[in-house]
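Notes for the one structure printed next.
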Amino acid sequence: MDRLRIKGGQQLKGEIRISGSKNASLPLMVAALLTDRKLTLHNVPRLADITTMIQLLKQHGVEVSAAPGENGHDRGTTLTLQAGKIASTTAPYDIVRKMRASVLVLGPLLAREREARVSLPGGCAIGARPVDLHIAGLKAMGAEIDINGGYLVAKAPKGLKGARFTFPKVSVGATENLMMAAALAKGTTVLDNAAREPEITDLAECLVSMGVAVRGIGTETLTIDGVTSLKEASHRVIPDRIETGTYAMAVAMTAGDVELVGGRLDLIETAAQVLRSAGVTLEKTPNGMRVHRTNGALTGVDVMTEPYPGFPTDLQAQMMALMTRAEGASMITETVFESRFMHVPELSRMGANVTIHHESALVRGVPKLRGAEVMATDLRASVSLAIAALAADGDTVVNRLYHLDRGYERLEEKLAACGADIERLKG
Ligand SMILES: CC(=O)N[C@H]1[C@@H](OP(=O)(O)OP(=O)(O)OC[C@H]2O[C@@H](n3ccc(=O)[nH]c3=O)[C@H](O)[C@@H]2O)O[C@H](CO)[C@@H](O)[C@@H]1O
Ligand SMILES: C=C(OP(=O)(O)O)C(=O)O
């Protein structure tokens, strides 16, 4: 199993190109199941999760071809997906267990084929992560769903019907699943208290290009008029806002100065405000954004994760790593997932001073972190350890790198190009 070795103490300087968004690409790829026409996606990142999604879609009968993006290596992949015929309506355990987003095939398969069998999903171990909202929404559209042998077994013998559904809790995945199901349902679907994440907007815009009328894009009420067939479309994936925020925090940690090429400051506005309060400068540039912290210490700030436009839970671990070196204390409250503090014991091994009280973690800044052998427990936890390592004395080795490879494209290359002393240890 690959590991990452990082020797702390180097300031990050230069530029980092931001990849296409993982969490936007995955539902966009699934949208190909809605039609027998081609869907072309540009700027797809090269990540383990994308490979897993290709594997899943192929076994459903989707033909997938990948070509290098406009500028080869640096501009992601262009994926062409075509689901001429659905070969199987079963999403098997062996693939689904690797990745939570696999459950997104449920709505589209059900809408197109009137049946689907989807293994209950896996994904990062950050909480219970039930799928009750996906189920309730599809049931409101006329589906019958049972759980049998670890599978969601869904049927809609007369097809799905448009419905009004109010999410009792904001869910990114359930909003995506229902939007895609609604695209092929009979009549109009209204989704209230829908998620407003930029990845939802990206999916909505792609559905519009595919011929579906979606109103209220970017708001908490989405109205979708179902169609009988969708058309060929081409769509460019938005830049990854979580990768952008992660590198902004890494740069801040090393008191560096880096341009995040292709990064969009408007997609991380809440996190940017928090970083500014902590003493970091972020500004828009013609090619993306610049992050620097060239004078002064970091100041402890309080952070609470919330659905978009709040502070993203997917940046919580990275923010905590940054706050371990701030002057003063920082209270970090996680409201989206119930057990997303798995990085705390590992950060503590590096000398961080963090105490957990229920859903909050009190981080008292320390003058020094020390390199250690640590274990990545989930995707964002992994990268938080890498951020801590960049400012630690001596060597850190991050084990179980497969978590990181799910969501960060060539992380070690991107950081090394800015001066980090980092290497991947194979095997
Ligand atoms: C592939 C992808 O895009 N993953 C993102 C997506 O995950 P995901 O779509 O799984 O996250 P959700 O927004 O659905 O989850 C938010 C909260 O709702 C709960 N919930 C969700 C569905 C449901 O049926 N019942 C229920 O109770 C979850 O347990 C969690 O507490 O959004 C999360 C929240 O921004 C991010 O951390 C993940 O990176
Ligand atoms: C939690 C994440 O991914 P997943 O939903 O696939 O577990 C993430 O991207 O941070």
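Just remember, in the structure tokens the first chain shown is A, the second B, etc., residues are 1-based per chain, and ligands are 1-based in the order shown.
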Could you please extract the residues within 7 Å of ligand 2, counting only C-alpha atoms and all ligand atoms, and hand them back as a PDB file with N, CA and C atoms, in the first residue's frame?
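New file part.pdb:
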```
ATOM      1  N   ASN A  23     -16.751  15.666  -6.996  1.00  0.00           N
ATOM      2  CA  ASN A  23     -18.148  15.514  -6.571  1.00  0.00           C
ATOM      3  C   ASN A  23     -19.148  16.078  -7.583  1.00  0.00           C
ATOM      4  N   MET A  99     -17.597   3.180  -3.078  1.00  0.00           N
ATOM      5  CA  MET A  99     -17.876   4.593  -3.290  1.00  0.00           C
ATOM      6  C   MET A  99     -19.342   4.925  -3.091  1.00  0.00           C
ATOM      7  N   ARG A 100     -19.567   5.837  -2.202  1.00  0.00           N
ATOM      8  CA  ARG A 100     -20.891   6.294  -1.823  1.00  0.00           C
ATOM      9  C   ARG A 100     -21.731   6.784  -3.024  1.00  0.00           C
ATOM     10  N   ALA A 101     -21.091   7.513  -3.933  1.00  0.00           N
ATOM     11  CA  ALA A 101     -21.837   8.138  -5.035  1.00  0.00           C
ATOM     12  C   ALA A 101     -22.475   7.109  -5.963  1.00  0.00           C
ATOM     13  N   GLY A 123     -18.354   4.273   0.992  1.00  0.00           N
ATOM     14  CA  GLY A 123     -17.878   5.665   1.001  1.00  0.00           C
ATOM     15  C   GLY A 123     -17.075   5.917   2.253  1.00  0.00           C
ATOM     16  N   CYS A 124     -16.764   7.177   2.503  1.00  0.00           N
ATOM     17  CA  CYS A 124     -15.940   7.523   3.660  1.00  0.00           C
ATOM     18  C   CYS A 124     -16.657   7.187   4.963  1.00  0.00           C
ATOM     19  N   ASP A 314     -16.388  19.104   3.952  1.00  0.00           N
ATOM     20  CA  ASP A 314     -15.235  18.494   3.274  1.00  0.00           C
ATOM     21  C   ASP A 314     -13.956  19.319   3.432  1.00  0.00           C
ATOM     22  N   LEU A 379     -10.861  10.293   3.231  1.00  0.00           N
ATOM     23  CA  LEU A 379     -10.269  11.167   2.217  1.00  0.00           C
ATOM     24  C   LEU A 379      -9.771  12.512   2.757  1.00  0.00           C
ATOM     25  N   ARG A 380     -10.651  13.261   3.388  1.00  0.00           N
ATOM     26  CA  ARG A 380     -10.238  14.605   3.831  1.00  0.00           C
ATOM     27  C   ARG A 380      -9.332  14.526   5.070  1.00  0.00           C
ATOM     28  N   GLY A 407      -9.616  11.202  -4.115  1.00  0.00           N
ATOM     29  CA  GLY A 407     -10.088  12.565  -4.338  1.00  0.00           C
ATOM     30  C   GLY A 407      -9.054  13.618  -4.690  1.00  0.00           C
TER      31      GLY A 407
END
```
Could you list, with a cut-off of 6 Å and counting only C-alpha atoms and all ligand atoms, the residues of chain A near ligand 1, each shown with its nearest atom pair and the distance in Å rounded to one decimal, rows sorted by chain and ascending number, as a Markdown table?
```
| residue | atom | partner | partner_atom_place_in_ligand_line | distance |
| --- | --- | --- | --- | --- |
| A:Asn23 | CA | ligand 1 | 3 (O) | 4.1 |
| A:Ala101 | CA | ligand 1 | 1 (C) | 4.7 |
| A:Ala128 | CA | ligand 1 | 29 (O) | 5.7 |
| A:Arg129 | CA | ligand 1 | 29 (O) | 3.4 |
| A:Pro130 | CA | ligand 1 | 25 (N) | 4.6 |
| A:Val131 | CA | ligand 1 | 24 (O) | 3.2 |
| A:Asp132 | CA | ligand 1 | 24 (O) | 3.9 |
| A:Leu133 | CA | ligand 1 | 24 (O) | 3.5 |
| A:His134 | CA | ligand 1 | 24 (O) | 4.9 |
| A:Ser171 | CA | ligand 1 | 13 (O) | 3.4 |
| A:Val172 | CA | ligand 1 | 13 (O) | 3.7 |
| A:Gly173 | CA | ligand 1 | 9 (O) | 3.3 |
| A:Ala174 | CA | ligand 1 | 14 (O) | 5.8 |
| A:Thr313 | CA | ligand 1 | 37 (O) | 5.5 |
| A:Asp314 | CA | ligand 1 | 37 (O) | 5.0 |
| A:Val336 | CA | ligand 1 | 31 (O) | 4.8 |
| A:Phe337 | CA | ligand 1 | 31 (O) | 4.3 |
```
Exercise for the section: Determine which residues of range 298-339 of chain A DSSP labels as strand (DSSP E or B) from the backbone of this structure, then write them out as JSON, numbers by chain. Expected result: {"A": [299, 303, 304, 305, 311, 327, 329, 330, 331, 332, 333]}
Kindly save the residues from that selection, with N, CA and C atoms included, as a JSON list (two decimals), in the first residue's frame.
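This is the output file part-v4.json:
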```json
[["chain", "number", "residue", "atom", "x", "y", "z"],
["A", 299, "THR", "N", -4.28, 33.29, 13.23],
["A", 299, "THR", "CA", -5.10, 33.54, 14.42],
["A", 299, "THR", "C", -6.17, 32.45, 14.49],
["A", 303, "VAL", "N", -15.26, 27.85, 13.62],
["A", 303, "VAL", "CA", -15.83, 27.40, 12.35],
["A", 303, "VAL", "C", -16.96, 26.41, 12.61],
["A", 304, "MET", "N", -18.05, 26.55, 11.86],
["A", 304, "MET", "CA", -19.12, 25.55, 11.94],
["A", 304, "MET", "C", -19.45, 25.08, 10.54],
["A", 305, "THR", "N", -19.44, 23.78, 10.34],
["A", 305, "THR", "CA", -19.77, 23.27, 8.99],
["A", 305, "THR", "C", -21.29, 23.30, 8.79],
["A", 311, "PHE", "N", -19.84, 26.80, 5.59],
["A", 311, "PHE", "CA", -18.48, 26.24, 5.53],
["A", 311, "PHE", "C", -18.58, 24.73, 5.23],
["A", 327, "GLU", "N", -2.35, 31.03, 16.61],
["A", 327, "GLU", "CA", -2.22, 31.63, 17.96],
["A", 327, "GLU", "C", -3.60, 31.68, 18.56],
["A", 329, "ALA", "N", -7.12, 29.88, 20.46],
["A", 329, "ALA", "CA", -7.95, 28.68, 20.33],
["A", 329, "ALA", "C", -8.94, 28.82, 19.19],
["A", 330, "SER", "N", -9.42, 27.68, 18.74],
["A", 330, "SER", "CA", -10.38, 27.64, 17.64],
["A", 330, "SER", "C", -11.41, 26.56, 17.98],
["A", 331, "MET", "N", -12.69, 26.89, 17.84],
["A", 331, "MET", "CA", -13.73, 25.89, 18.09],
["A", 331, "MET", "C", -14.27, 25.45, 16.74],
["A", 332, "ILE", "N", -14.13, 24.17, 16.45],
["A", 332, "ILE", "CA", -14.57, 23.65, 15.15],
["A", 332, "ILE", "C", -15.77, 22.73, 15.37],
["A", 333, "THR", "N", -16.91, 23.12, 14.82],
["A", 333, "THR", "CA", -18.14, 22.37, 15.06],
["A", 333, "THR", "C", -18.59, 21.71, 13.76]]
```
Handout entry: Shell of 12 Å around Leu415 in chain A, only C-alpha atoms, local chain residues under 6 positions omitted, as a ChimeraX atom specification
Key = /A:4,6-8,10-18,246-248,250-251,254,256,258,260,383,386-387,390,408-409,421-424
Exercise for the section: Considering only C-alpha atoms, return as number ranges by chain whatever protein or nucleic-acid residues lie within 8 Å of range 264-274 of chain A, sequence-local ones (same chain, fewer than 3 positions apart) excluded. Expected result: A: 198, 239, 241, 244-245, 277-278, 282-284, 288-289, 301, 303, 309-312
Handout entry: Atom-to-atom span, CA of Tyr308 in chain A and CA of Asp257 in chain A, Å
Key = 27.2 Å
Practice task
Skip range 182-190 of chain A itself and residues of its chain fewer than 2 positions away, then list as a ChimeraX atom specification all residues within 8 Å of it, counting only C-alpha atoms.
Solution key: /A:34,108,111-112,141,159-165,178-180,192,207,212,221-229
The selected residues should be written to file as an mmCIF file, in the first residue's frame (atoms: C-alpha atoms).
```cif
data_model
loop_
_atom_site.group_PDB
_atom_site.id
_atom_site.type_symbol
_atom_site.label_atom_id
_atom_site.label_comp_id
_atom_site.auth_asym_id
_atom_site.auth_seq_id
_atom_site.Cartn_x
_atom_site.Cartn_y
_atom_site.Cartn_z
ATOM 1 C CA LEU A 34 -30.802 8.826 -18.624
ATOM 2 C CA PRO A 108 -31.855 7.244 -13.308
ATOM 3 C CA ALA A 111 -36.727 6.285 -14.258
ATOM 4 C CA ARG A 112 -35.468 4.733 -17.499
ATOM 5 C CA MET A 141 -42.616 9.717 -7.254
ATOM 6 C CA GLY A 159 -42.944 4.680 -14.557
ATOM 7 C CA LEU A 160 -42.121 7.521 -12.178
ATOM 8 C CA LYS A 161 -44.514 10.464 -11.778
ATOM 9 C CA GLY A 162 -43.567 14.050 -11.018
ATOM 10 C CA ALA A 163 -44.228 14.954 -7.370
ATOM 11 C CA ARG A 164 -43.636 17.637 -4.762
ATOM 12 C CA PHE A 165 -41.081 16.531 -2.188
ATOM 13 C CA LEU A 178 -34.208 12.935 -7.412
ATOM 14 C CA MET A 179 -33.227 15.570 -9.992
ATOM 15 C CA MET A 180 -32.094 12.836 -12.372
ATOM 16 C CA ASP A 192 -38.113 21.891 -1.639
ATOM 17 C CA LEU A 207 -29.535 18.448 -17.524
ATOM 18 C CA VAL A 212 -34.614 19.068 -19.428
ATOM 19 C CA THR A 221 -36.572 24.984 -4.643
ATOM 20 C CA LEU A 222 -35.865 23.129 -7.866
ATOM 21 C CA THR A 223 -38.633 22.558 -10.399
ATOM 22 C CA ILE A 224 -37.997 19.933 -13.061
ATOM 23 C CA ASP A 225 -40.255 19.161 -16.008
ATOM 24 C CA GLY A 226 -39.825 15.535 -17.032
ATOM 25 C CA VAL A 227 -39.239 14.672 -20.705
ATOM 26 C CA THR A 228 -39.634 11.417 -22.638
ATOM 27 C CA SER A 229 -36.120 11.531 -24.058
#
```
Exercise for the section: May I have the residues within 9 Å of Val30 in chain A as a ChimeraX atom specification, using only C-alpha atoms and disregarding those fewer than 2 positions away in the same chain? Expected result: /A:25-28,32-34,53,57,102,104-105,108,180
Save out the residues we just selected, N, CA and C atoms, as an mmCIF file, in the first residue's frame.
```
data_model
loop_
_atom_site.group_PDB
_atom_site.id
_atom_site.type_symbol
_atom_site.label_atom_id
_atom_site.label_comp_id
_atom_site.auth_asym_id
_atom_site.auth_seq_id
_atom_site.Cartn_x
_atom_site.Cartn_y
_atom_site.Cartn_z
ATOM 1 N N SER A 25 -18.258 15.676 -11.030
ATOM 2 C CA SER A 25 -18.090 14.693 -12.121
ATOM 3 C C SER A 25 -18.919 13.432 -11.900
ATOM 4 N N LEU A 26 -18.953 12.944 -10.661
ATOM 5 C CA LEU A 26 -19.605 11.645 -10.418
ATOM 6 C C LEU A 26 -21.089 11.666 -10.805
ATOM 7 N N PRO A 27 -21.908 12.622 -10.284
ATOM 8 C CA PRO A 27 -23.320 12.640 -10.736
ATOM 9 C C PRO A 27 -23.457 12.964 -12.221
ATOM 10 N N LEU A 28 -22.574 13.789 -12.756
ATOM 11 C CA LEU A 28 -22.654 14.110 -14.194
ATOM 12 C C LEU A 28 -22.456 12.843 -15.031
ATOM 13 N N ALA A 32 -25.529 10.131 -17.703
ATOM 14 C CA ALA A 32 -25.476 9.450 -19.004
ATOM 15 C C ALA A 32 -26.471 8.294 -19.063
ATOM 16 N N LEU A 33 -26.844 7.747 -17.884
ATOM 17 C CA LEU A 33 -27.795 6.627 -17.858
ATOM 18 C C LEU A 33 -29.191 7.033 -18.306
ATOM 19 N N LEU A 34 -29.450 8.339 -18.325
ATOM 20 C CA LEU A 34 -30.802 8.826 -18.624
ATOM 21 C C LEU A 34 -31.147 8.756 -20.110
ATOM 22 N N MET A 53 -16.405 4.752 -10.895
ATOM 23 C CA MET A 53 -17.685 5.088 -11.539
ATOM 24 C C MET A 53 -17.720 4.567 -12.975
ATOM 25 N N LEU A 57 -20.589 2.105 -14.392
ATOM 26 C CA LEU A 57 -21.426 2.460 -15.547
ATOM 27 C C LEU A 57 -21.247 1.454 -16.678
ATOM 28 N N SER A 102 -22.119 5.819 -5.811
ATOM 29 C CA SER A 102 -22.724 4.772 -6.644
ATOM 30 C C SER A 102 -24.236 4.745 -6.491
ATOM 31 N N LEU A 104 -26.209 6.906 -6.672
ATOM 32 C CA LEU A 104 -26.861 7.856 -7.593
ATOM 33 C C LEU A 104 -27.429 7.177 -8.834
ATOM 34 N N VAL A 105 -27.035 5.927 -9.102
ATOM 35 C CA VAL A 105 -27.597 5.252 -10.287
ATOM 36 C C VAL A 105 -29.048 4.828 -10.038
ATOM 37 N N PRO A 108 -31.853 7.342 -11.850
ATOM 38 C CA PRO A 108 -31.855 7.244 -13.308
ATOM 39 C C PRO A 108 -32.254 5.864 -13.845
ATOM 40 N N MET A 180 -32.277 13.686 -11.184
ATOM 41 C CA MET A 180 -32.094 12.836 -12.372
ATOM 42 C C MET A 180 -33.329 11.982 -12.619
#
```
Handout entry: Atom pair CA of Thr40 in chain A / CA of Thr78 in chain A: separation (Å)
Key = 6.9 Å
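As for CA of Tyr151 in chain A and CA of Gly107 in chain A, they are spaced 14.3 Å apart.
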Practice task
Might you pull out every residue within 12 Å of Ala381 in chain A, with only C-alpha atoms counted and same-chain residues fewer than 5 positions away left off, and present them as number ranges by chain?
Solution key: A: 124-126, 246, 313-321, 339-347, 374-376, 386-388, 398-401, 403-404, 407
Practice task
Would you list, as an NGL selection string, the residues of range 138-375 of chain A that end up in alpha helix (DSSP H) under DSSP run on this structure's backbone?
Solution key: :A and (138-140 or 172-183 or 198-209 or 241-253 or 269-277 or 316-323 or 343-349)
Problem - Given only C-alpha atoms as the counted atoms, nearest of A:Cys206, A:Ile145, A:Ile356, A:Ala91 to Leu39 in chain A - result: A:Cys206
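For the set A:Ala31, A:Ala352, A:Val214, A:Leu81, the residue with the smallest atom-to-atom gap to Ile54 in chain A is A:Leu81, counting only C-alpha atoms.
Take the candidates A:Lys169, A:Arg114, A:Lys231, A:Lys414 and check each one against Glu144 in chain A using only C-alpha atoms; the shortest distance goes to A:Arg114.
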